[in-house]
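Asker: My structure file structure-v4.cif, mmCIF, C-alpha atoms (C1' of nucleotides), is below:
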data_model
#
loop_
_atom_site.label_atom_id
_atom_site.label_comp_id
_atom_site.auth_asym_id
_atom_site.auth_seq_id
_atom_site.Cartn_x
_atom_site.Cartn_y
_atom_site.Cartn_z
CA MET S 1 -51.02 2.12 -5.74
CA LEU S 2 -51.47 5.54 -4.27
CA PHE S 3 -54.47 4.66 -2.14
CA SER S 4 -55.83 1.47 -0.65
CA THR S 5 -59.33 0.13 -0.87
CA LYS S 6 -60.09 1.95 2.36
CA ALA S 7 -60.39 5.11 0.31
CA GLU S 8 -62.22 3.33 -2.49
CA TYR S 9 -64.80 1.69 -0.24
CA GLY S 10 -65.15 4.71 1.98
CA VAL S 11 -65.80 7.05 -0.92
CA ARG S 12 -68.37 4.67 -2.35
CA LEU S 13 -70.03 4.55 1.01
CA MET S 14 -70.20 8.32 1.10
CA VAL S 15 -71.58 8.46 -2.42
CA GLU S 16 -74.23 5.94 -1.47
CA LEU S 17 -75.27 8.13 1.44
CA GLY S 18 -75.26 11.14 -0.84
CA ARG S 19 -77.60 9.38 -3.24
CA GLN S 20 -80.32 9.16 -0.64
CA PRO S 21 -83.04 11.67 -1.34
CA GLY S 22 -84.71 12.01 2.04
CA SER S 23 -83.18 12.48 5.42
CA ALA S 24 -83.86 8.96 6.62
CA PRO S 25 -80.71 7.20 7.76
CA VAL S 26 -79.32 4.38 5.64
CA SER S 27 -78.20 1.19 7.28
CA LEU S 28 -74.73 -0.09 6.61
CA SER S 29 -76.07 -3.42 5.48
CA ALA S 30 -78.02 -1.64 2.77
CA VAL S 31 -74.86 0.07 1.58
CA ALA S 32 -72.92 -3.16 1.76
CA GLU S 33 -75.48 -4.89 -0.37
CA ALA S 34 -75.75 -2.11 -2.91
CA GLU S 35 -72.00 -1.84 -3.34
CA ARG S 36 -71.30 -5.52 -2.75
CA LEU S 37 -68.80 -4.83 -0.03
CA PRO S 38 -68.23 -6.74 3.20
CA LEU S 39 -70.39 -5.30 5.95
CA SER S 40 -68.01 -5.87 8.82
CA TYR S 41 -65.22 -4.14 6.98
CA LEU S 42 -67.43 -1.17 6.23
CA GLU S 43 -68.05 -0.87 9.94
CA HIS S 44 -64.40 -0.04 10.48
CA LEU S 45 -64.39 2.50 7.70
CA VAL S 46 -67.56 4.25 8.72
CA ALA S 47 -66.14 4.58 12.21
CA LYS S 48 -63.35 6.71 10.78
CA LEU S 49 -65.83 8.82 8.88
CA ARG S 50 -67.86 9.31 12.03
CA ASN S 51 -64.78 10.33 14.01
CA ALA S 52 -64.05 12.88 11.32
CA GLU S 53 -67.64 14.10 11.67
CA LEU S 54 -68.43 13.48 8.05
CA VAL S 55 -71.37 11.23 8.86
CA THR S 56 -73.76 11.00 11.78
CA SER S 57 -75.29 7.84 13.09
CA THR S 58 -78.52 6.85 14.77
CA ARG S 59 -78.55 3.60 16.66
CA GLY S 60 -81.22 1.01 17.11
CA ALA S 61 -83.81 -0.35 14.76
CA HIS S 62 -84.29 1.70 11.60
CA GLY S 63 -81.10 3.49 12.44
CA GLY S 64 -78.19 4.05 10.14
CA TYR S 65 -75.97 6.74 8.79
CA ARG S 66 -76.46 10.13 7.20
CA LEU S 67 -74.14 12.74 5.78
CA ALA S 68 -73.27 15.28 8.42
CA GLN S 69 -73.39 18.03 5.83
CA PRO S 70 -74.94 18.46 2.40
CA ALA S 71 -72.94 16.69 -0.29
CA GLU S 72 -72.05 20.02 -1.88
CA ALA S 73 -70.15 21.02 1.25
CA ILE S 74 -68.07 17.85 1.53
CA THR S 75 -64.82 17.82 -0.38
CA LEU S 76 -63.04 14.60 -1.08
CA ASP S 77 -59.82 15.56 0.63
CA GLN S 78 -61.70 15.43 3.92
CA VAL S 79 -63.07 12.01 3.10
CA VAL S 80 -59.84 10.47 1.87
CA GLU S 81 -57.82 11.93 4.69
CA ALA S 82 -60.26 10.55 7.25
CA LEU S 83 -59.88 7.11 5.73
CA GLU S 84 -56.21 6.96 4.83
CA GLY S 85 -54.70 9.33 7.32
CA GLN S 86 -52.74 12.44 6.45
CA ILE S 87 -52.01 12.61 2.77
CA ALA S 88 -48.32 13.03 2.21
CA PRO S 89 -46.34 11.69 -0.72
CA MET S 90 -43.54 10.43 1.47
CA GLU S 91 -42.82 9.35 5.02
CA CYS S 92 -40.45 12.22 5.69
CA PHE S 93 -42.98 14.76 4.57
CA HIS S 94 -45.09 16.60 7.11
CA GLU S 95 -47.22 19.65 6.99
CA THR S 96 -47.53 21.88 10.01
CA PRO S 97 -50.85 23.50 10.90
CA GLU S 98 -49.57 26.72 9.34
CA GLY S 99 -49.05 24.95 6.06
CA LYS S 100 -45.30 24.85 6.23
CA VAL S 101 -43.67 21.80 4.79
CA LEU S 102 -41.20 19.91 6.90
CA CYS S 103 -38.85 17.23 5.74
CA SER S 104 -37.10 15.04 8.24
CA HIS S 105 -33.91 14.94 6.19
CA GLU S 106 -33.78 18.71 5.96
CA SER S 107 -30.85 19.10 8.26
CA ASP S 108 -29.21 15.82 7.57
CA GLY S 109 -26.65 16.97 5.13
CA ASP S 110 -24.87 19.86 3.64
CA ARG S 111 -27.45 20.78 1.06
CA ALA S 112 -31.19 21.04 0.59
CA CYS S 113 -33.27 17.91 0.48
CA ALA S 114 -33.17 16.99 -3.18
CA THR S 115 -36.62 15.48 -3.31
CA LYS S 116 -38.50 18.20 -1.51
CA LEU S 117 -39.29 20.10 -4.67
CA LEU S 118 -40.72 17.00 -6.28
CA TRP S 119 -42.88 15.87 -3.38
CA THR S 120 -44.18 19.36 -2.87
CA ARG S 121 -45.43 19.40 -6.45
CA VAL S 122 -46.98 15.96 -6.15
CA GLN S 123 -48.61 16.90 -2.90
CA GLY S 124 -50.04 19.99 -4.56
CA GLY S 125 -51.41 18.01 -7.47
CA VAL S 126 -53.15 15.47 -5.30
CA THR S 127 -54.51 17.98 -2.83
CA LYS S 128 -55.87 20.14 -5.60
CA ALA S 129 -57.60 17.19 -7.22
CA LEU S 130 -59.14 16.01 -3.98
CA ALA S 131 -60.09 19.37 -2.55
CA GLY S 132 -61.48 20.44 -5.89
CA THR S 133 -63.95 17.61 -6.00
CA THR S 134 -67.14 17.62 -3.97
CA LEU S 135 -69.18 14.64 -2.96
CA ALA S 136 -72.08 16.13 -4.86
CA GLU S 137 -70.10 15.86 -8.08
CA LEU S 138 -69.49 12.18 -7.54
CA VAL S 139 -73.13 11.59 -6.67
CA GLU S 140 -74.11 13.34 -9.86
CA PHE S 141 -71.53 11.42 -11.87
CA SER S 142 -72.73 8.11 -10.52
CA GLY S 143 -76.25 8.68 -11.68
CA GLY S 144 -77.51 11.40 -9.40
CA VAL S 145 -79.74 11.27 -6.39
CA ALA S 146 -82.13 8.33 -6.40
CA SER S 147 -85.55 9.72 -7.21
CA GLY S 148 -86.97 8.24 -4.07
CA ALA S 149 -90.24 7.40 -5.75
CA GLU S 150 -89.34 4.72 -8.28
CA LYS S 151 -89.00 1.22 -6.99
CA ALA S 152 -87.24 1.58 -3.66
CA PRO S 153 -83.99 2.92 -2.30
CA VAL S 154 -80.86 0.85 -2.15
CA GLY S 155 -81.91 -1.10 0.88
CA SER S 156 -84.85 -3.02 -0.50
CA VAL S 157 -84.47 -6.48 0.95
CA ALA S 158 -84.58 -9.28 -1.56
CA MET K 159 -48.10 7.62 2.28
CA LEU K 160 -48.42 7.86 -1.46
CA PHE K 161 -44.95 6.50 -2.19
CA SER K 162 -42.53 4.31 -0.34
CA THR K 163 -38.89 4.95 0.33
CA LYS K 164 -38.11 3.13 -2.89
CA ALA K 165 -39.09 6.29 -4.75
CA GLU K 166 -37.36 8.51 -2.24
CA TYR K 167 -34.06 6.64 -2.29
CA GLY K 168 -34.19 6.05 -6.01
CA VAL K 169 -34.76 9.69 -6.82
CA ARG K 170 -31.93 10.71 -4.53
CA LEU K 171 -29.73 8.21 -6.27
CA MET K 172 -30.62 9.69 -9.62
CA VAL K 173 -29.99 13.21 -8.36
CA GLU K 174 -26.63 12.13 -7.06
CA LEU K 175 -25.74 10.78 -10.48
CA GLY K 176 -27.00 13.97 -12.05
CA ARG K 177 -24.73 16.02 -9.81
CA GLN K 178 -21.64 14.46 -11.31
CA PRO K 179 -19.91 16.84 -13.65
CA GLY K 180 -17.83 14.50 -15.80
CA SER K 181 -18.83 11.34 -17.49
CA ALA K 182 -16.98 9.05 -15.12
CA PRO K 183 -19.25 6.45 -13.55
CA VAL K 184 -20.12 6.75 -9.89
CA SER K 185 -19.99 3.70 -7.68
CA LEU K 186 -23.01 2.80 -5.64
CA SER K 187 -21.01 2.82 -2.45
CA ALA K 188 -20.13 6.45 -3.10
CA VAL K 189 -23.80 7.28 -3.49
CA ALA K 190 -24.69 5.26 -0.42
CA GLU K 191 -22.18 7.15 1.64
CA ALA K 192 -23.16 10.56 0.31
CA GLU K 193 -26.84 9.98 0.95
CA ARG K 194 -26.34 7.78 4.00
CA LEU K 195 -28.41 4.97 2.58
CA PRO K 196 -27.82 1.21 2.85
CA LEU K 197 -25.73 0.03 -0.05
CA SER K 198 -27.30 -3.38 -0.45
CA TYR K 199 -30.74 -1.87 -0.61
CA LEU K 200 -29.65 0.61 -3.24
CA GLU K 201 -28.49 -2.31 -5.34
CA HIS K 202 -32.08 -3.46 -5.64
CA LEU K 203 -33.28 -0.04 -6.59
CA VAL K 204 -30.61 0.66 -9.14
CA ALA K 205 -31.44 -2.63 -10.81
CA LYS K 206 -34.92 -1.33 -11.49
CA LEU K 207 -33.52 1.88 -12.89
CA ARG K 208 -31.19 -0.06 -15.12
CA ASN K 209 -34.02 -2.26 -16.38
CA ALA K 210 -35.90 0.90 -17.24
CA GLU K 211 -32.82 2.12 -19.08
CA LEU K 212 -32.53 5.23 -17.01
CA VAL K 213 -28.99 4.46 -15.94
CA THR K 214 -26.16 2.51 -17.51
CA SER K 215 -23.60 0.52 -15.63
CA THR K 216 -19.98 -0.43 -16.12
CA ARG K 217 -18.73 -3.38 -14.17
CA GLY K 218 -15.40 -4.08 -12.59
CA ALA K 219 -12.97 -1.88 -10.75
CA HIS K 220 -13.65 1.84 -11.14
CA GLY K 221 -17.01 0.94 -12.55
CA GLY K 222 -20.30 2.39 -11.48
CA TYR K 223 -23.41 4.04 -12.81
CA ARG K 224 -24.17 6.92 -15.12
CA LEU K 225 -27.35 8.57 -16.33
CA ALA K 226 -28.41 7.02 -19.59
CA GLN K 227 -29.53 10.43 -20.82
CA PRO K 228 -28.82 14.04 -19.88
CA ALA K 229 -30.66 15.08 -16.75
CA GLU K 230 -32.75 17.55 -18.74
CA ALA K 231 -34.26 14.69 -20.71
CA ILE K 232 -35.27 12.57 -17.74
CA THR K 233 -38.67 13.30 -16.27
CA LEU K 234 -39.54 12.09 -12.83
CA ASP K 235 -42.54 10.08 -13.89
CA GLN K 236 -40.16 7.69 -15.63
CA VAL K 237 -38.05 7.42 -12.52
CA VAL K 238 -40.86 6.96 -10.04
CA GLU K 239 -42.67 4.51 -12.26
CA ALA K 240 -39.54 2.42 -12.67
CA LEU K 241 -39.20 2.23 -8.91
CA GLU K 242 -42.76 1.91 -7.73
CA GLY K 243 -44.42 0.29 -10.68
CA GLN K 244 -47.30 1.74 -12.63
CA ILE K 245 -48.70 4.79 -10.95
CA ALA K 246 -52.40 4.42 -10.41
CA PRO K 247 -54.40 5.86 -7.56
CA MET K 248 -56.28 2.64 -7.00
CA GLU K 249 -56.06 -1.07 -7.56
CA CYS K 250 -59.01 -1.18 -9.94
CA PHE K 251 -57.52 1.55 -12.08
CA HIS K 252 -55.61 0.67 -15.21
CA GLU K 253 -54.50 2.60 -18.21
CA THR K 254 -54.33 0.95 -21.58
CA PRO K 255 -51.51 1.74 -24.00
CA GLU K 256 -53.89 4.05 -25.84
CA GLY K 257 -54.44 6.04 -22.69
CA LYS K 258 -57.92 4.83 -22.02
CA VAL K 259 -58.84 4.37 -18.41
CA LEU K 260 -60.26 1.10 -17.31
CA CYS K 261 -61.93 0.35 -14.03
CA SER K 262 -62.50 -3.21 -12.95
CA HIS K 263 -65.84 -2.37 -11.36
CA GLU K 264 -67.08 -0.69 -14.48
CA SER K 265 -69.60 -3.33 -15.36
CA ASP K 266 -70.29 -4.53 -11.90
CA GLY K 267 -73.49 -2.73 -11.32
CA ASP K 268 -76.25 -0.78 -12.81
CA ARG K 269 -74.49 2.57 -12.90
CA ALA K 270 -71.13 4.17 -13.56
CA CYS K 271 -68.29 3.61 -11.17
CA ALA K 272 -68.75 6.40 -8.66
CA THR K 273 -65.11 6.88 -7.92
CA LYS K 274 -63.78 6.95 -11.45
CA LEU K 275 -64.13 10.69 -11.77
CA LEU K 276 -62.18 11.24 -8.59
CA TRP K 277 -59.32 8.88 -9.32
CA THR K 278 -59.00 10.22 -12.83
CA ARG K 279 -58.46 13.68 -11.44
CA VAL K 280 -55.98 12.48 -8.85
CA GLN K 281 -54.11 10.50 -11.47
CA GLY K 282 -53.95 13.58 -13.63
CA GLY K 283 -52.61 15.70 -10.81
CA VAL K 284 -49.86 13.28 -9.91
CA THR K 285 -48.85 12.55 -13.47
CA LYS K 286 -48.69 16.21 -14.29
CA ALA K 287 -46.50 16.91 -11.29
CA LEU K 288 -44.13 14.04 -12.03
CA ALA K 289 -43.94 14.44 -15.80
CA GLY K 290 -43.53 18.18 -15.41
CA THR K 291 -40.41 17.84 -13.32
CA THR K 292 -37.05 16.99 -14.84
CA LEU K 293 -34.12 15.49 -13.06
CA ALA K 294 -32.14 18.57 -14.00
CA GLU K 295 -34.50 20.71 -11.93
CA LEU K 296 -33.93 18.56 -8.88
CA VAL K 297 -30.19 18.62 -9.39
CA GLU K 298 -30.31 22.38 -9.61
CA PHE K 299 -32.56 22.61 -6.55
CA SER K 300 -30.24 20.44 -4.52
CA GLY K 301 -27.29 22.71 -5.12
CA GLY K 302 -26.49 22.16 -8.75
CA VAL K 303 -23.81 20.11 -10.41
CA ALA K 304 -20.73 19.62 -8.26
CA SER K 305 -18.06 21.87 -9.69
CA GLY K 306 -15.74 18.92 -10.02
CA ALA K 307 -12.74 20.97 -8.98
CA GLU K 308 -13.39 21.95 -5.40
CA LYS K 309 -12.60 19.36 -2.80
CA ALA K 310 -13.68 16.09 -4.34
CA PRO K 311 -16.84 14.50 -5.66
CA VAL K 312 -19.20 12.56 -3.47
CA GLY K 313 -17.08 9.51 -3.25
CA SER K 314 -14.05 10.82 -1.45
CA VAL K 315 -13.22 8.17 1.06
CA ALA K 316 -12.90 9.40 4.62
"C1'" DC L 317 -92.09 -6.95 27.61
"C1'" DG L 318 -89.39 -9.05 24.07
"C1'" DC L 319 -87.48 -9.35 19.83
"C1'" DA L 320 -85.39 -7.96 15.61
"C1'" DT L 321 -82.55 -4.49 13.86
"C1'" DA L 322 -79.22 -1.74 13.97
"C1'" DA L 323 -74.74 0.77 15.54
"C1'" DC L 324 -70.57 -0.01 18.21
"C1'" DC L 325 -66.19 -2.21 19.76
"C1'" DG L 326 -62.04 -5.01 20.01
"C1'" DA L 327 -59.53 -9.12 19.14
"C1'" DC L 328 -57.86 -11.93 15.80
"C1'" DC L 329 -56.09 -13.82 11.26
"C1'" DT L 330 -53.89 -14.38 6.74
"C1'" DC L 331 -51.38 -12.46 3.09
"C1'" DT L 332 -48.48 -9.18 0.89
"C1'" DT L 333 -45.24 -5.56 0.79
"C1'" DC L 334 -41.50 -2.85 2.80
"C1'" DA L 335 -36.95 -2.27 4.04
"C1'" DG L 336 -33.06 -4.35 4.66
"C1'" DT L 337 -29.45 -8.19 5.13
"C1'" DA L 338 -26.49 -11.90 3.53
"C1'" DG L 339 -23.78 -14.46 0.58
"C1'" DG L 340 -22.09 -15.34 -3.24
"C1'" DA L 341 -20.80 -15.07 -8.51
"C1'" DT L 342 -18.90 -12.37 -12.17
"C1'" DT L 343 -16.40 -8.66 -14.39
"C1'" DT L 344 -12.60 -5.57 -14.78
"C1'" DG L 345 -8.55 -2.32 -14.00
"C1'" DA L 346 -4.07 -2.09 -11.99
"C1'" DT N 347 -3.66 -12.02 -8.87
"C1'" DC N 348 -6.06 -8.87 -6.06
"C1'" DA N 349 -9.35 -5.46 -5.00
"C1'" DA N 350 -13.19 -3.01 -6.46
"C1'" DA N 351 -17.12 -3.01 -8.46
"C1'" DT N 352 -21.67 -4.79 -10.52
"C1'" DC N 353 -24.93 -8.46 -10.42
"C1'" DC N 354 -28.12 -12.01 -8.58
"C1'" DT N 355 -30.92 -14.83 -5.43
"C1'" DA N 356 -32.64 -15.94 -1.16
"C1'" DC N 357 -34.03 -14.77 3.22
"C1'" DT N 358 -36.11 -12.13 7.29
"C1'" DG N 359 -38.60 -9.15 10.63
"C1'" DA N 360 -42.05 -5.80 10.97
"C1'" DA N 361 -45.98 -3.52 9.43
"C1'" DG N 362 -50.10 -2.80 6.97
"C1'" DA N 363 -54.02 -4.42 4.05
"C1'" DG N 364 -58.25 -6.59 4.03
"C1'" DG N 365 -61.02 -8.94 6.25
"C1'" DT N 366 -63.69 -12.04 9.97
"C1'" DC N 367 -65.87 -13.01 14.39
"C1'" DG N 368 -68.11 -12.51 18.64
"C1'" DG N 369 -70.11 -9.81 21.60
"C1'" DT N 370 -72.34 -5.36 23.72
"C1'" DT N 371 -75.47 -1.61 23.62
"C1'" DA N 372 -79.31 1.09 21.90
"C1'" DT N 373 -83.99 1.46 19.91
"C1'" DG N 374 -88.38 1.05 17.36
"C1'" DC N 375 -92.39 -1.99 17.12
"C1'" DG N 376 -95.91 -5.58 17.80
#
Go ahead and express the file in the form of structure tokens.

Answerer:
Amino acid sequence: MLFSTKAEYGVRLMVELGRQPGSAPVSLSAVAEAERLPLSYLEHLVAKLRNAELVTSTRGAHGGYRLAQPAEAITLDQVVEALEGQIAPMECFHETPEGKVLCSHESDGDRACATKLLWTRVQGGVTKALAGTTLAELVEFSGGVASGAEKAPVGSVA
Amino acid sequence: MLFSTKAEYGVRLMVELGRQPGSAPVSLSAVAEAERLPLSYLEHLVAKLRNAELVTSTRGAHGGYRLAQPAEAITLDQVVEALEGQIAPMECFHETPEGKVLCSHESDGDRACATKLLWTRVQGGVTKALAGTTLAELVEFSGGVASGAEKAPVGSVA
DNA sequence: CGCATAACCGACCTCTTCAGTAGGATTTGA
DNA sequence: TCAAATCCTACTGAAGAGGTCGGTTATGCG
């Protein structure tokens, strides 16, 4: 498996926030119920998203979470990276701020690191897929923004 | 990390086999020494490659491993899949023999699985990168086939 | 005020996988 | 017959996945 459920759950959480029509914050428990995910686990995930400044929170009663930016401006590489950590195909594979690729084995032998070419291509493929997808697309794909006027948003208590 | 060292080591092993000029089998200990990898761990990995019919083995003294096909005919998706198991971005993500994508959550709610679009794209990116790379390319990248007449192939005992 | 509702935080727990080791059995060429 | 090799199974220590639990702080509302 390339990614763990951290990415899965976290992305679903973001989509759920993106589905909200108004600007009212959504409580985590509402998201947990809508997506049938464990609340206390979501707390850990949303903390990562908050640290990455992808969501903002308001505490207290009627508090909750909101997207920090419009869904159109959020690309999924930001989201997945916040949840899973730096996305590299392999342990030895690091990217410097300038975009240069480093490989720990680089100087460990007489010739070039045989796998570098491969992992560079894989890295490119994944990054392109993630960076080329916006949260808005996923919201749309999952049924679009909730109209906000039908029965009630996700959080309607049973 | 997308892949573990199983893929890393296994690919290097394959490259090492691909670097051999003749058709003589290469012993694992020679590969282990050349790549500075633990022999007993390589044994596990090469077993997977053998099961996938990517390498053939000859037992006994002066035995070893050979590529089952020319390096040009081996694509890296075969190799990585043999080592890491089926390549899917997410646990819930399965591909049927006919190439149809299944998602375990598909019927778990009222609307389409929000993340399916994303993981499909990621899957595509990775598969394309892996299937579009041949072992021969990596061999070439890593310095090409050992001339077979210079000092001695990888296995020269110190 | 006081309470319910929320975000926040850290410790803990169980299970699986990773990465590697160990020990042996079997096959084969010299 | 010996050494070199593949082959096979079992084990282990460390780390991460996927949660759970208990408690603290902040806040709107009656």

Asker: Exactly which residues make up the result of the PyMOL selection byres ((chain S and resi 4) around 8) on this file, given as a list in words?

Answerer: Met1, Leu2, Phe3, Thr5, Lys6, Ala7, Glu8 and Glu84 of chain S; Met248 and Glu249 of chain K; DA363 of chain N

Asker: Might I get the box with edges along x, y and z of the file that holds all atoms of region 111-124 of chain S listed there, padded by 6 Å on every side, given as centre and edge lengths in Å to one decimal, as JSON?

Answerer:
{"center_x": -38.7, "center_y": 18.3, "center_z": -2.7, "size_x": 34.6, "size_y": 17.6, "size_z": 19.5}

Asker: Pull the closest atom pair for each residue of chain N that gets at most 7 Å from chain K, along with the distance in Å to one decimal, counting all atoms listed in the file, ordering rows by chain and then ascending residue number, as a tab-separated table.

Answerer:
residue	atom	partner	partner_atom	distance
N:DA350	C1'	K:Ala219	CA	4.4
N:DA351	C1'	K:Gly218	CA	4.6
N:DT352	C1'	K:Arg217	CA	4.9

Asker: Go through chain K residue by residue and, counting only C-alpha atoms, keep those with an atom at most 6 Å from chain S; for each kept residue give the shortest atom pair and its distance in Å to one decimal, ordered by chain and increasing number, as a tab-separated table.

Answerer:
residue	atom	partner	partner_atom	distance
K:Met159	CA	S:Pro89	CA	5.4
K:Leu160	CA	S:Pro89	CA	4.4
K:Phe161	CA	S:Met90	CA	5.6
K:Ala246	CA	S:Met1	CA	5.4
K:Pro247	CA	S:Leu2	CA	4.4
K:Met248	CA	S:Met1	CA	5.4
K:Ala270	CA	S:Ser142	CA	5.2
K:Ala272	CA	S:Ser142	CA	4.7
K:Arg279	CA	S:Ala129	CA	5.6
K:Val280	CA	S:Ala129	CA	5.2
K:Gly283	CA	S:Gly125	CA	4.2
K:Val284	CA	S:Val122	CA	5.4
K:Ala287	CA	S:Val122	CA	5.2
K:Leu296	CA	S:Ala114	CA	6.0
K:Ser300	CA	S:Ala114	CA	4.7

Asker: Decode the PyMOL selection byres ((chain L and resi 328) around 12) for the given file into explicit residues and return them as a list in words.

Answerer: DG326, DA327, DC329 and DT330 of chain L; DG365, DT366, DC367 and DG368 of chain N

Asker: Restrict the selected residues to C-alpha atoms (C1' of nucleotides) and save them as a short mmCIF file (atom, residue, chain, number, x, y, z; two decimals), in the frame of the given file.

Answerer:
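Dumped everything to again-v2.cif:
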data_model
loop_
_atom_site.label_atom_id
_atom_site.label_comp_id
_atom_site.auth_asym_id
_atom_site.auth_seq_id
_atom_site.Cartn_x
_atom_site.Cartn_y
_atom_site.Cartn_z
"C1'" DG L 326 -62.04 -5.01 20.01
"C1'" DA L 327 -59.53 -9.12 19.14
"C1'" DC L 329 -56.09 -13.82 11.26
"C1'" DT L 330 -53.89 -14.38 6.74
"C1'" DG N 365 -61.02 -8.94 6.25
"C1'" DT N 366 -63.69 -12.04 9.97
"C1'" DC N 367 -65.87 -13.01 14.39
"C1'" DG N 368 -68.11 -12.51 18.64
#

Asker: To one decimal in Å, tell me the separation between CA of Gln236 (chain K) and CA of Leu212 (chain K).

Answerer: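 Taking CA of Gln236 (chain K) and CA of Leu212 (chain K), their separation equals 8.1 Å.
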
Asker: Could you pull the residues within 8 Å of Ala68 (chain S), counting all atoms listed in the file, minus those fewer than 3 positions along the same chain, as number ranges by chain?

Answerer: S: 53-56

Asker: Pick the closest to chain L from S:Gly10, S:Gly18, S:Pro97, S:Pro25: which is it, counting only C-alpha atoms (C1' of nucleotides)?

Answerer: S:Pro25

Asker: Care to translate the PyMOL selection byres ((chain L) within 12 of (chain S)) into actual residues of this file, as a ChimeraX atom specification?

Answerer: /L:319-326,333

Asker: How about saving the chosen residues, C-alpha atoms (C1' of nucleotides) kept, as an mmCIF file, keeping the file's coordinate frame?

Answerer:
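The new file result_21.cif reads:
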data_model
loop_
_atom_site.group_PDB
_atom_site.id
_atom_site.type_symbol
_atom_site.label_atom_id
_atom_site.label_comp_id
_atom_site.auth_asym_id
_atom_site.auth_seq_id
_atom_site.Cartn_x
_atom_site.Cartn_y
_atom_site.Cartn_z
ATOM 1 C "C1'" DC L 319 -87.480 -9.350 19.830
ATOM 2 C "C1'" DA L 320 -85.390 -7.960 15.610
ATOM 3 C "C1'" DT L 321 -82.550 -4.490 13.860
ATOM 4 C "C1'" DA L 322 -79.220 -1.740 13.970
ATOM 5 C "C1'" DA L 323 -74.740 0.770 15.540
ATOM 6 C "C1'" DC L 324 -70.570 -0.010 18.210
ATOM 7 C "C1'" DC L 325 -66.190 -2.210 19.760
ATOM 8 C "C1'" DG L 326 -62.040 -5.010 20.010
ATOM 9 C "C1'" DT L 333 -45.240 -5.560 0.790
#

Asker: Quick one: distance from CA of Ala73 (chain S) to CA of Arg19 (chain S) in Å, one decimal?

Answerer: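 Here the two named atoms are 14.5 Å from each other.
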
Asker: In Å, rounded to a single decimal, give me how far CA of Val237 (chain K) is from CA of Met172 (chain K).

Answerer: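 Atom-to-atom, CA of Met172 (chain K) to CA of Val237 (chain K), that is 8.3 Å.
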
Asker: Find the residues near region 357-362 of chain N: any atom within 9 Å, counting all atoms listed in the file, skip ones fewer than 2 places away on the same chain, and give them as a ChimeraX atom specification.

Answerer: /L:332-334,336-338
